[in-house]
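Peer 1: Got a file for you: work.cif, mmCIF, C-alpha atoms.
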data_input
#
loop_
_atom_site.group_PDB
_atom_site.id
_atom_site.type_symbol
_atom_site.label_atom_id
_atom_site.label_comp_id
_atom_site.auth_asym_id
_atom_site.auth_seq_id
_atom_site.Cartn_x
_atom_site.Cartn_y
_atom_site.Cartn_z
ATOM 1 C CA MET A 41 44.398 56.023 25.714
ATOM 2 C CA THR A 42 40.760 57.101 25.429
ATOM 3 C CA VAL A 43 39.803 53.434 25.817
ATOM 4 C CA LEU A 44 41.611 53.149 29.169
ATOM 5 C CA LEU A 45 40.193 56.463 30.352
ATOM 6 C CA ALA A 46 36.695 55.391 29.333
ATOM 7 C CA LEU A 47 37.062 52.098 31.182
ATOM 8 C CA GLY A 48 38.329 53.842 34.316
ATOM 9 C CA CYS A 49 35.645 56.540 34.292
ATOM 10 C CA GLY A 50 32.990 53.922 33.528
ATOM 11 C CA ILE A 51 34.137 51.900 36.555
ATOM 12 C CA LEU A 52 34.035 54.971 38.825
ATOM 13 C CA PHE A 53 30.627 56.004 37.447
ATOM 14 C CA GLY A 54 29.230 52.486 37.914
ATOM 15 C CA ALA A 55 30.645 52.243 41.446
ATOM 16 C CA GLY A 56 29.062 55.605 42.250
ATOM 17 C CA LEU A 57 25.706 54.415 40.928
ATOM 18 C CA ALA A 58 25.910 51.277 43.085
ATOM 19 C CA ILE A 59 26.917 53.139 46.276
ATOM 20 C CA SER A 60 24.293 55.832 45.725
ATOM 21 C CA GLY A 61 21.509 53.244 45.600
ATOM 22 C CA MET A 62 20.478 54.377 42.119
ATOM 23 C CA ILE A 63 20.741 50.854 40.672
ATOM 24 C CA ASP A 64 17.589 49.989 42.634
ATOM 25 C CA PRO A 65 14.511 51.085 40.644
ATOM 26 C CA GLN A 66 12.547 51.286 43.905
ATOM 27 C CA LYS A 67 14.774 54.182 45.070
ATOM 28 C CA ILE A 68 14.106 56.025 41.809
ATOM 29 C CA LEU A 69 10.347 55.445 42.002
ATOM 30 C CA ALA A 70 10.293 56.439 45.674
ATOM 31 C CA PHE A 71 11.888 59.775 44.708
ATOM 32 C CA LEU A 72 9.533 60.358 41.780
ATOM 33 C CA ASP A 73 6.537 59.486 43.960
ATOM 34 C CA VAL A 74 5.654 62.965 45.170
ATOM 35 C CA GLY A 75 2.356 61.475 46.365
ATOM 36 C CA GLY A 76 4.489 59.888 49.100
ATOM 37 C CA ILE A 77 5.492 63.238 50.607
ATOM 38 C CA PRO A 78 2.453 63.628 52.868
ATOM 39 C CA SER A 79 2.523 59.968 53.940
ATOM 40 C CA GLY A 80 6.276 60.027 54.680
ATOM 41 C CA THR A 81 7.313 57.375 52.129
ATOM 42 C CA TRP A 82 9.044 59.882 49.827
ATOM 43 C CA ASP A 83 12.785 59.145 49.394
ATOM 44 C CA PRO A 84 14.873 62.243 48.549
ATOM 45 C CA THR A 85 18.081 60.220 47.890
ATOM 46 C CA LEU A 86 18.041 60.816 44.109
ATOM 47 C CA GLY A 87 18.020 64.548 44.799
ATOM 48 C CA VAL A 88 21.110 64.212 47.013
ATOM 49 C CA VAL A 89 22.898 62.092 44.364
ATOM 50 C CA PHE A 90 22.093 64.620 41.683
ATOM 51 C CA ALA A 91 23.144 67.642 43.739
ATOM 52 C CA SER A 92 26.437 66.055 44.794
ATOM 53 C CA ALA A 93 27.193 64.909 41.233
ATOM 54 C CA LEU A 94 26.837 68.499 40.063
ATOM 55 C CA VAL A 95 29.636 69.767 42.352
ATOM 56 C CA PRO A 96 32.596 68.111 40.539
ATOM 57 C CA MET A 97 30.937 68.970 37.229
ATOM 58 C CA PHE A 98 30.678 72.695 38.030
ATOM 59 C CA ILE A 99 34.377 72.672 38.937
ATOM 60 C CA ALA A 100 35.222 70.750 35.769
ATOM 61 C CA TYR A 101 33.423 73.229 33.492
ATOM 62 C CA ALA A 102 35.143 76.135 35.244
ATOM 63 C CA ALA A 103 38.500 74.444 34.613
ATOM 64 C CA GLN A 104 37.537 73.565 31.070
ATOM 65 C CA GLN A 105 37.046 77.267 30.225
ATOM 66 C CA ARG A 106 40.786 77.787 30.727
ATOM 67 C CA MET A 107 41.888 74.756 28.761
ATOM 68 C CA ALA A 108 42.535 74.788 25.021
ATOM 69 C CA ARG A 109 42.109 71.034 24.807
ATOM 70 C CA PRO A 110 41.457 68.078 27.121
ATOM 71 C CA ALA A 111 44.527 66.939 29.072
ATOM 72 C CA LEU A 112 44.788 63.634 27.215
ATOM 73 C CA GLY A 113 42.586 64.261 24.189
ATOM 74 C CA VAL A 114 42.554 66.198 20.933
ATOM 75 C CA GLN A 115 39.580 68.523 21.431
ATOM 76 C CA PHE A 116 36.554 69.059 23.632
ATOM 77 C CA GLU A 117 33.397 67.542 22.165
ATOM 78 C CA ILE A 118 30.643 69.383 23.971
ATOM 79 C CA PRO A 119 27.155 69.900 22.519
ATOM 80 C CA ALA A 120 26.737 73.459 21.259
ATOM 81 C CA ARG A 121 23.007 73.573 20.505
ATOM 82 C CA ARG A 122 20.875 75.890 22.613
ATOM 83 C CA ASP A 123 17.557 75.782 20.753
ATOM 84 C CA ILE A 124 14.511 74.197 22.362
ATOM 85 C CA ASP A 125 12.674 72.165 19.721
ATOM 86 C CA ALA A 126 9.780 69.716 19.655
ATOM 87 C CA ARG A 127 12.121 66.713 19.513
ATOM 88 C CA LEU A 128 13.839 67.747 22.723
ATOM 89 C CA ILE A 129 10.541 68.169 24.579
ATOM 90 C CA GLY A 130 8.899 65.108 23.016
ATOM 91 C CA GLY A 131 11.964 62.924 23.526
ATOM 92 C CA ALA A 132 12.317 63.994 27.159
ATOM 93 C CA ALA A 133 8.598 63.332 27.732
ATOM 94 C CA ILE A 134 8.833 59.844 26.173
ATOM 95 C CA PHE A 135 11.984 59.111 28.166
ATOM 96 C CA GLY A 136 10.309 60.329 31.352
ATOM 97 C CA SER A 137 7.259 58.157 30.817
ATOM 98 C CA GLY A 138 9.432 55.045 30.455
ATOM 99 C CA TRP A 139 11.592 56.060 33.419
ATOM 100 C CA GLY A 140 8.505 56.496 35.577
ATOM 101 C CA LEU A 141 7.105 53.109 34.538
ATOM 102 C CA ALA A 142 9.993 50.925 35.712
ATOM 103 C CA GLY A 143 12.385 53.268 37.532
ATOM 104 C CA LEU A 144 15.268 52.378 35.234
ATOM 105 C CA CYS A 145 17.378 54.572 32.959
ATOM 106 C CA PRO A 146 20.426 53.657 30.836
ATOM 107 C CA GLY A 147 23.343 54.041 33.297
ATOM 108 C CA PRO A 148 21.737 52.382 36.334
ATOM 109 C CA ALA A 149 20.266 49.599 34.168
ATOM 110 C CA LEU A 150 23.779 48.579 33.067
ATOM 111 C CA ALA A 151 25.327 49.066 36.512
ATOM 112 C CA ALA A 152 22.567 46.914 38.067
ATOM 113 C CA LEU A 153 23.682 43.857 36.049
ATOM 114 C CA PRO A 154 26.022 42.289 38.667
ATOM 115 C CA ALA A 155 23.521 42.932 41.483
ATOM 116 C CA ALA A 156 20.397 41.681 39.708
ATOM 117 C CA GLY A 157 20.624 38.074 40.904
ATOM 118 C CA SER A 158 17.500 36.129 39.994
ATOM 119 C CA GLN A 159 16.064 39.228 38.278
ATOM 120 C CA LEU A 160 18.821 39.171 35.667
ATOM 121 C CA PRO A 161 16.501 37.938 32.873
ATOM 122 C CA ALA A 162 14.020 40.733 33.656
ATOM 123 C CA LEU A 163 16.837 43.299 33.598
ATOM 124 C CA ILE A 164 18.050 41.939 30.270
ATOM 125 C CA VAL A 165 14.519 42.307 28.867
ATOM 126 C CA PHE A 166 14.667 45.993 29.824
ATOM 127 C CA ILE A 167 18.177 46.513 28.408
ATOM 128 C CA ALA A 168 17.323 44.728 25.146
ATOM 129 C CA ALA A 169 14.170 46.837 24.723
ATOM 130 C CA MET A 170 16.162 49.976 25.544
ATOM 131 C CA LEU A 171 18.752 49.136 22.879
ATOM 132 C CA ALA A 172 15.925 48.494 20.402
ATOM 133 C CA GLY A 173 14.457 51.901 21.291
ATOM 134 C CA ILE A 174 17.809 53.610 20.774
ATOM 135 C CA TRP A 175 18.277 51.847 17.430
ATOM 136 C CA LEU A 176 14.749 52.708 16.298
ATOM 137 C CA SER A 177 15.118 56.337 17.314
ATOM 138 C CA THR A 178 18.398 56.696 15.421
ATOM 139 C CA LYS A 179 16.852 54.985 12.400
ATOM 140 C CA LEU A 180 13.768 57.229 12.342
ATOM 141 C CA ASN A 181 15.805 60.346 13.021
ATOM 142 C CA ARG A 182 17.672 59.782 9.796
ATOM 143 C CA ALA A 183 14.466 59.304 7.806
ATOM 144 C CA PRO A 184 13.493 62.541 6.000
ATOM 145 C CA ALA A 185 9.785 61.931 6.656
ATOM 146 C CA LEU A 186 10.299 62.792 10.303
ATOM 147 C CA GLU A 187 12.095 66.074 9.630
ATOM 148 C CA PRO A 188 9.971 69.030 10.690
ATOM 149 C CA ALA A 189 8.700 70.975 7.678
ATOM 150 C CA SER A 190 10.460 74.143 8.791
ATOM 151 C CA SER A 191 14.002 72.765 8.643
ATOM 152 C CA MET B 80 11.421 59.271 54.711
ATOM 153 C CA GLN B 81 12.315 55.937 56.278
ATOM 154 C CA ASN B 82 14.266 54.800 53.187
ATOM 155 C CA PHE B 83 16.323 57.982 52.789
ATOM 156 C CA THR B 84 20.064 57.129 52.427
ATOM 157 C CA PRO B 85 21.808 60.524 52.322
ATOM 158 C CA ILE B 86 25.372 59.298 53.024
ATOM 159 C CA GLY B 87 25.355 56.737 50.227
ATOM 160 C CA GLY B 88 23.704 59.317 47.997
ATOM 161 C CA LEU B 89 26.353 61.931 48.773
ATOM 162 C CA VAL B 90 29.336 59.591 48.350
ATOM 163 C CA GLY B 91 27.932 57.875 45.257
ATOM 164 C CA GLY B 92 26.890 61.176 43.703
ATOM 165 C CA LEU B 93 30.352 62.680 44.236
ATOM 166 C CA MET B 94 31.904 59.552 42.691
ATOM 167 C CA LEU B 95 29.815 59.554 39.546
ATOM 168 C CA GLY B 96 30.151 63.328 39.241
ATOM 169 C CA THR B 97 33.928 62.974 39.555
ATOM 170 C CA ALA B 98 33.902 60.252 36.902
ATOM 171 C CA ALA B 99 32.044 62.555 34.500
ATOM 172 C CA ALA B 100 34.320 65.495 35.408
ATOM 173 C CA LEU B 101 37.482 63.446 34.795
ATOM 174 C CA PHE B 102 36.207 62.139 31.484
ATOM 175 C CA LEU B 103 35.442 65.718 30.420
ATOM 176 C CA LEU B 104 38.805 67.198 31.424
ATOM 177 C CA LEU B 105 40.972 64.260 30.338
ATOM 178 C CA ALA B 106 39.172 62.926 27.262
ATOM 179 C CA GLY B 107 37.090 65.992 26.402
ATOM 180 C CA ARG B 108 33.860 64.070 26.267
ATOM 181 C CA ILE B 109 30.409 64.114 27.838
ATOM 182 C CA SER B 110 29.392 61.077 29.920
ATOM 183 C CA GLY B 111 25.933 60.676 28.425
ATOM 184 C CA ILE B 112 25.173 56.993 28.736
ATOM 185 C CA SER B 113 22.356 56.837 26.157
ATOM 186 C CA GLY B 114 24.548 58.646 23.641
ATOM 187 C CA ILE B 115 27.451 56.300 24.395
ATOM 188 C CA LEU B 116 25.054 53.353 23.951
ATOM 189 C CA GLU B 117 23.966 54.669 20.570
ATOM 190 C CA GLY B 118 27.584 54.998 19.457
ATOM 191 C CA ALA B 119 28.292 51.505 20.766
ATOM 192 C CA LEU B 120 25.681 50.016 18.425
ATOM 193 C CA ARG B 121 28.237 50.620 15.678
ATOM 194 C CA PHE B 122 31.369 48.557 15.502
ATOM 195 C CA PRO B 123 34.399 48.178 15.457
ATOM 196 C CA LEU B 124 35.022 48.176 19.206
ATOM 197 C CA ASN B 125 35.895 51.628 20.539
ATOM 198 C CA TRP B 126 36.138 53.605 23.792
ATOM 199 C CA ARG B 127 32.331 53.535 24.145
ATOM 200 C CA HIS B 128 32.343 49.779 24.638
ATOM 201 C CA ALA B 129 35.057 50.154 27.283
ATOM 202 C CA TYR B 130 32.961 52.771 29.105
ATOM 203 C CA LEU B 131 29.875 50.545 29.010
ATOM 204 C CA VAL B 132 31.824 47.534 30.323
ATOM 205 C CA GLY B 133 33.127 49.767 33.104
ATOM 206 C CA LEU B 134 29.653 50.539 34.480
ATOM 207 C CA PRO B 135 28.749 46.996 35.659
ATOM 208 C CA LEU B 136 32.413 46.366 36.524
ATOM 209 C CA GLY B 137 32.385 49.333 38.922
ATOM 210 C CA ALA B 138 29.184 48.115 40.527
ATOM 211 C CA LEU B 139 30.684 44.611 40.777
ATOM 212 C CA LEU B 140 33.746 46.014 42.566
ATOM 213 C CA VAL B 141 31.516 47.659 45.155
ATOM 214 C CA LEU B 142 29.519 44.442 45.533
ATOM 215 C CA VAL B 143 32.696 42.457 46.167
ATOM 216 C CA LEU B 144 34.507 44.965 48.392
ATOM 217 C CA ALA B 145 31.552 46.346 50.353
ATOM 218 C CA PRO B 146 28.463 44.224 49.732
ATOM 219 C CA ARG B 147 26.532 45.836 52.574
ATOM 220 C CA VAL B 148 26.406 49.275 50.981
ATOM 221 C CA VAL B 149 24.578 48.016 47.880
ATOM 222 C CA ALA B 150 20.804 47.760 48.003
ATOM 223 C CA ALA B 151 19.730 44.863 45.799
ATOM 224 C CA PRO B 152 17.644 46.165 42.909
ATOM 225 C CA VAL B 153 13.957 45.259 42.906
ATOM 226 C CA LEU B 154 12.532 45.375 39.378
ATOM 227 C CA PRO B 155 8.867 45.468 38.384
ATOM 228 C CA ALA B 156 7.590 41.901 38.045
ATOM 229 C CA SER B 157 6.007 42.337 34.626
ATOM 230 C CA TRP B 158 8.318 41.676 31.659
ATOM 231 C CA ALA B 159 5.816 43.392 29.374
ATOM 232 C CA LEU B 160 6.042 46.549 31.459
ATOM 233 C CA LEU B 161 9.850 46.304 31.448
ATOM 234 C CA ALA B 162 9.906 45.904 27.664
ATOM 235 C CA ILE B 163 7.586 48.881 27.082
ATOM 236 C CA SER B 164 9.513 50.955 29.590
ATOM 237 C CA GLY B 165 12.854 50.040 27.964
ATOM 238 C CA LEU B 166 11.586 50.966 24.500
ATOM 239 C CA LEU B 167 10.317 54.343 25.738
ATOM 240 C CA VAL B 168 13.535 55.049 27.673
ATOM 241 C CA GLY B 169 15.800 54.210 24.730
ATOM 242 C CA PHE B 170 13.661 55.871 22.075
ATOM 243 C CA GLY B 171 12.975 58.999 24.109
ATOM 244 C CA ALA B 172 16.562 59.437 25.271
ATOM 245 C CA ARG B 173 17.871 59.486 21.699
ATOM 246 C CA LEU B 174 15.036 61.638 20.333
ATOM 247 C CA GLY B 175 15.576 64.136 23.140
ATOM 248 C CA GLY B 176 19.368 63.977 22.832
ATOM 249 C CA GLY B 177 20.121 62.650 26.296
ATOM 250 C CA CYS B 178 19.049 61.008 29.527
ATOM 251 C CA THR B 179 19.661 61.534 33.240
ATOM 252 C CA SER B 180 23.443 61.443 32.749
ATOM 253 C CA GLY B 181 23.839 63.469 29.537
ATOM 254 C CA HIS B 182 21.204 66.139 30.178
ATOM 255 C CA GLY B 183 21.072 65.873 33.957
ATOM 256 C CA VAL B 184 24.587 65.330 35.297
ATOM 257 C CA CYS B 185 26.531 66.774 32.327
ATOM 258 C CA GLY B 186 24.177 69.361 30.817
ATOM 259 C CA ILE B 187 22.781 71.182 33.837
ATOM 260 C CA PRO B 188 26.145 72.228 35.361
ATOM 261 C CA ARG B 189 27.102 73.778 32.021
ATOM 262 C CA LEU B 190 23.789 75.672 32.188
ATOM 263 C CA SER B 191 22.673 74.321 28.822
ATOM 264 C CA PRO B 192 19.114 75.545 28.208
ATOM 265 C CA ARG B 193 18.314 72.327 26.318
ATOM 266 C CA SER B 194 19.470 70.141 29.196
ATOM 267 C CA ILE B 195 17.655 72.195 31.825
ATOM 268 C CA VAL B 196 14.392 72.020 29.860
ATOM 269 C CA ALA B 197 14.817 68.295 29.075
ATOM 270 C CA THR B 198 15.556 67.436 32.722
ATOM 271 C CA CYS B 199 12.526 69.379 33.961
ATOM 272 C CA VAL B 200 10.318 67.687 31.350
ATOM 273 C CA PHE B 201 11.444 64.111 32.034
ATOM 274 C CA MET B 202 11.340 64.582 35.807
ATOM 275 C CA ALA B 203 7.816 66.016 35.637
ATOM 276 C CA VAL B 204 6.503 63.370 33.234
ATOM 277 C CA ALA B 205 8.064 60.550 35.265
ATOM 278 C CA ALA B 206 6.517 61.937 38.463
ATOM 279 C CA VAL B 207 3.112 62.080 36.766
ATOM 280 C CA VAL B 208 3.489 58.479 35.534
ATOM 281 C CA VAL B 209 4.449 57.289 39.029
ATOM 282 C CA PHE B 210 1.544 59.200 40.536
ATOM 283 C CA LEU B 211 -0.881 57.627 38.055
ATOM 284 C CA THR B 212 0.441 54.083 38.469
ATOM 285 C CA ARG B 213 0.735 54.228 42.275
ATOM 286 C CA HIS B 214 -2.145 56.400 43.369
ATOM 287 C CA VAL B 215 -4.698 56.356 40.573
ATOM 288 C CA MET B 216 -4.408 52.917 38.949
ATOM 289 C CA SER B 217 -2.611 51.203 41.864
ATOM 290 C CA LEU B 218 -0.235 49.307 39.568
ATOM 291 C CA GLY B 219 3.027 50.477 41.052
ATOM 292 C CA ASP B 220 3.450 47.997 43.867
ATOM 293 C CA ALA B 221 4.898 45.349 41.570
#
For the file at hand, write its structure as structure tokens.
Peer 2:
Amino acid sequence: MTVLLALGCGILFGAGLAISGMIDPQKILAFLDVGGIPSGTWDPTLGVVFASALVPMFIAYAAQQRMARPALGVQFEIPARRDIDARLIGGAAIFGSGWGLAGLCPGPALAALPAAGSQLPALIVFIAAMLAGIWLSTKLNRAPALEPASS
Amino acid sequence: MQNFTPIGGLVGGLMLGTAAALFLLLAGRISGISGILEGALRFPLNWRHAYLVGLPLGALLVLVLAPRVVAAPVLPASWALLAISGLLVGFGARLGGGCTSGHGVCGIPRLSPRSIVATCVFMAVAAVVVFLTRHVMSLGDA
């Protein structure tokens, strides 16, 4: 059942990414390019996408408070951590630097696949490198040498 | 703001937000794509693989049913830049526990301090990188 739900939600998420324009790295870069505000080339679309995506999510979390378990699942699996540590900041900074370089992040990179056309090999280079980065990060995270001395 | 597409942004944003909301309320899970990708590196096949297949399938449906609403992606020309960028995106997303979907779309509406901080950090760093490449080093036109 979770498999069917995941497929359905993945399809809706991917369709949303395509309609929103977020599968085009140029739209992402044009939003991040605050230097384009004075010259009029700034594109606020990403901000609109983000704000409208938050609306169903706010409603969902309000509903979730009253539910003992998910409608078709066993239990809610929601991150509980609230601490701000160096990994969070460093990871977000590394992620942001890569995102700013090419204008691609994990969801849009995958959703862009059917629209990539002749740029498909270039997109696959990005996705392969991204998977390698994920693998490497998981690998290093398990290594004790990277654990902060305090923990 | 000649390239601003607010209608597509609104409709698409509501759709992907609804997808994440449904997955939360029905399956109890967070739609964090980098986290799902990490889980999908381990087999056997599970719901994560189905979710990841769904993403391009959804975009394909839109392409087939309404090709005019989809702006064709334009990637940077340099494969080296794409490879470096991909490594940083994947590595950073897992180190920081999430990306635009997990921290941004799913973490902020639950007012998670970690997600709010992470989103502010990656937005700010990305904006700085774009500023440097476009306005200081003039590399960003690729």
Peer 1: Using Å and a single decimal, report how far CA of Cys145 in chain A sits from CA of Val168 in chain B.
Peer 2: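 If I compute the distance from CA of Val168 in chain B to CA of Cys145 in chain A, I get 6.6 Å.
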Peer 1: Would you pick out the contacts of range 48-60 of chain A at 9 Å or less, using only C-alpha atoms, so that residues sharing its chain but fewer than 2 positions from it are not included, and give the list as a short mmCIF file (atom, residue, chain, number, x, y, z; two decimals) with C-alpha atoms, in the coordinates of the input?
Peer 2:
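Heads up, here's the output in out_7.cif:
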data_model
loop_
_atom_site.label_atom_id
_atom_site.label_comp_id
_atom_site.auth_asym_id
_atom_site.auth_seq_id
_atom_site.Cartn_x
_atom_site.Cartn_y
_atom_site.Cartn_z
CA VAL A 43 39.80 53.43 25.82
CA LEU A 44 41.61 53.15 29.17
CA LEU A 45 40.19 56.46 30.35
CA ALA A 46 36.70 55.39 29.33
CA MET A 62 20.48 54.38 42.12
CA ILE A 63 20.74 50.85 40.67
CA ASP A 64 17.59 49.99 42.63
CA THR A 85 18.08 60.22 47.89
CA LEU A 86 18.04 60.82 44.11
CA VAL A 89 22.90 62.09 44.36
CA GLY A 147 23.34 54.04 33.30
CA PRO A 148 21.74 52.38 36.33
CA LEU A 150 23.78 48.58 33.07
CA ALA A 151 25.33 49.07 36.51
CA ALA A 152 22.57 46.91 38.07
CA ALA A 155 23.52 42.93 41.48
CA THR B 84 20.06 57.13 52.43
CA PRO B 85 21.81 60.52 52.32
CA ILE B 86 25.37 59.30 53.02
CA GLY B 87 25.36 56.74 50.23
CA GLY B 88 23.70 59.32 48.00
CA LEU B 89 26.35 61.93 48.77
CA VAL B 90 29.34 59.59 48.35
CA GLY B 91 27.93 57.88 45.26
CA GLY B 92 26.89 61.18 43.70
CA LEU B 93 30.35 62.68 44.24
CA MET B 94 31.90 59.55 42.69
CA LEU B 95 29.82 59.55 39.55
CA GLY B 96 30.15 63.33 39.24
CA THR B 97 33.93 62.97 39.56
CA ALA B 98 33.90 60.25 36.90
CA ALA B 99 32.04 62.56 34.50
CA LEU B 101 37.48 63.45 34.80
CA PHE B 102 36.21 62.14 31.48
CA SER B 110 29.39 61.08 29.92
CA ALA B 129 35.06 50.15 27.28
CA TYR B 130 32.96 52.77 29.10
CA LEU B 131 29.88 50.54 29.01
CA VAL B 132 31.82 47.53 30.32
CA GLY B 133 33.13 49.77 33.10
CA LEU B 134 29.65 50.54 34.48
CA PRO B 135 28.75 47.00 35.66
CA LEU B 136 32.41 46.37 36.52
CA GLY B 137 32.38 49.33 38.92
CA ALA B 138 29.18 48.12 40.53
CA LEU B 139 30.68 44.61 40.78
CA LEU B 140 33.75 46.01 42.57
CA VAL B 141 31.52 47.66 45.16
CA LEU B 142 29.52 44.44 45.53
CA VAL B 148 26.41 49.28 50.98
CA VAL B 149 24.58 48.02 47.88
CA ALA B 150 20.80 47.76 48.00
#
Peer 1: Just the residues within 10 Å of Phe135 in chain A, please, counting all atoms listed in the file, with nothing from its chain fewer than 2 positions along; format it as a compact mmCIF listing (two decimals) with C-alpha atoms, in the frame of the given file.
Peer 2:
# COMPACT_ATOMS: atom_id res chain seq x y z
CA ILE A 129 10.54 68.17 24.58
CA GLY A 130 8.90 65.11 23.02
CA GLY A 131 11.96 62.92 23.53
CA ALA A 132 12.32 63.99 27.16
CA ALA A 133 8.60 63.33 27.73
CA SER A 137 7.26 58.16 30.82
CA GLY A 138 9.43 55.04 30.46
CA TRP A 139 11.59 56.06 33.42
CA GLY A 140 8.51 56.50 35.58
CA CYS A 145 17.38 54.57 32.96
CA SER B 164 9.51 50.96 29.59
CA GLY B 165 12.85 50.04 27.96
CA LEU B 166 11.59 50.97 24.50
CA LEU B 167 10.32 54.34 25.74
CA VAL B 168 13.54 55.05 27.67
CA GLY B 169 15.80 54.21 24.73
CA PHE B 170 13.66 55.87 22.08
CA GLY B 171 12.98 59.00 24.11
CA ALA B 172 16.56 59.44 25.27
CA ARG B 173 17.87 59.49 21.70
CA LEU B 174 15.04 61.64 20.33
CA GLY B 175 15.58 64.14 23.14
CA GLY B 177 20.12 62.65 26.30
CA CYS B 178 19.05 61.01 29.53
CA THR B 179 19.66 61.53 33.24
CA ALA B 197 14.82 68.30 29.08
CA VAL B 200 10.32 67.69 31.35
CA PHE B 201 11.44 64.11 32.03
CA MET B 202 11.34 64.58 35.81
CA VAL B 204 6.50 63.37 33.23
CA ALA B 205 8.06 60.55 35.26
Peer 1: Quick one: distance from CA of Leu163 in chain A to CA of Gly118 in chain B in Å, one decimal?
Peer 2: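 Interatomic distance, CA of Leu163 in chain A to CA of Gly118 in chain B: 21.3 Å.
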Peer 1: In Å, with one decimal, what is the gap from CA of Pro161 in chain A to CA of Leu154 in chain B?
Peer 2: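 According to the coordinates, CA of Pro161 in chain A and CA of Leu154 in chain B are separated by 10.6 Å.
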Peer 1: Which residue gives the smallest distance to Arg127 in chain A among B:Arg213, B:Arg108, B:Arg127, B:Arg193, with all atoms listed in the file counted?
Peer 2: B:Arg193
Peer 1: Could you check the closest approach to Ile124 in chain A for each of B:Val196, B:Leu124, B:Val184, B:Leu160 and tell me which residue wins, using all atoms listed in the file?
Peer 2: B:Val196
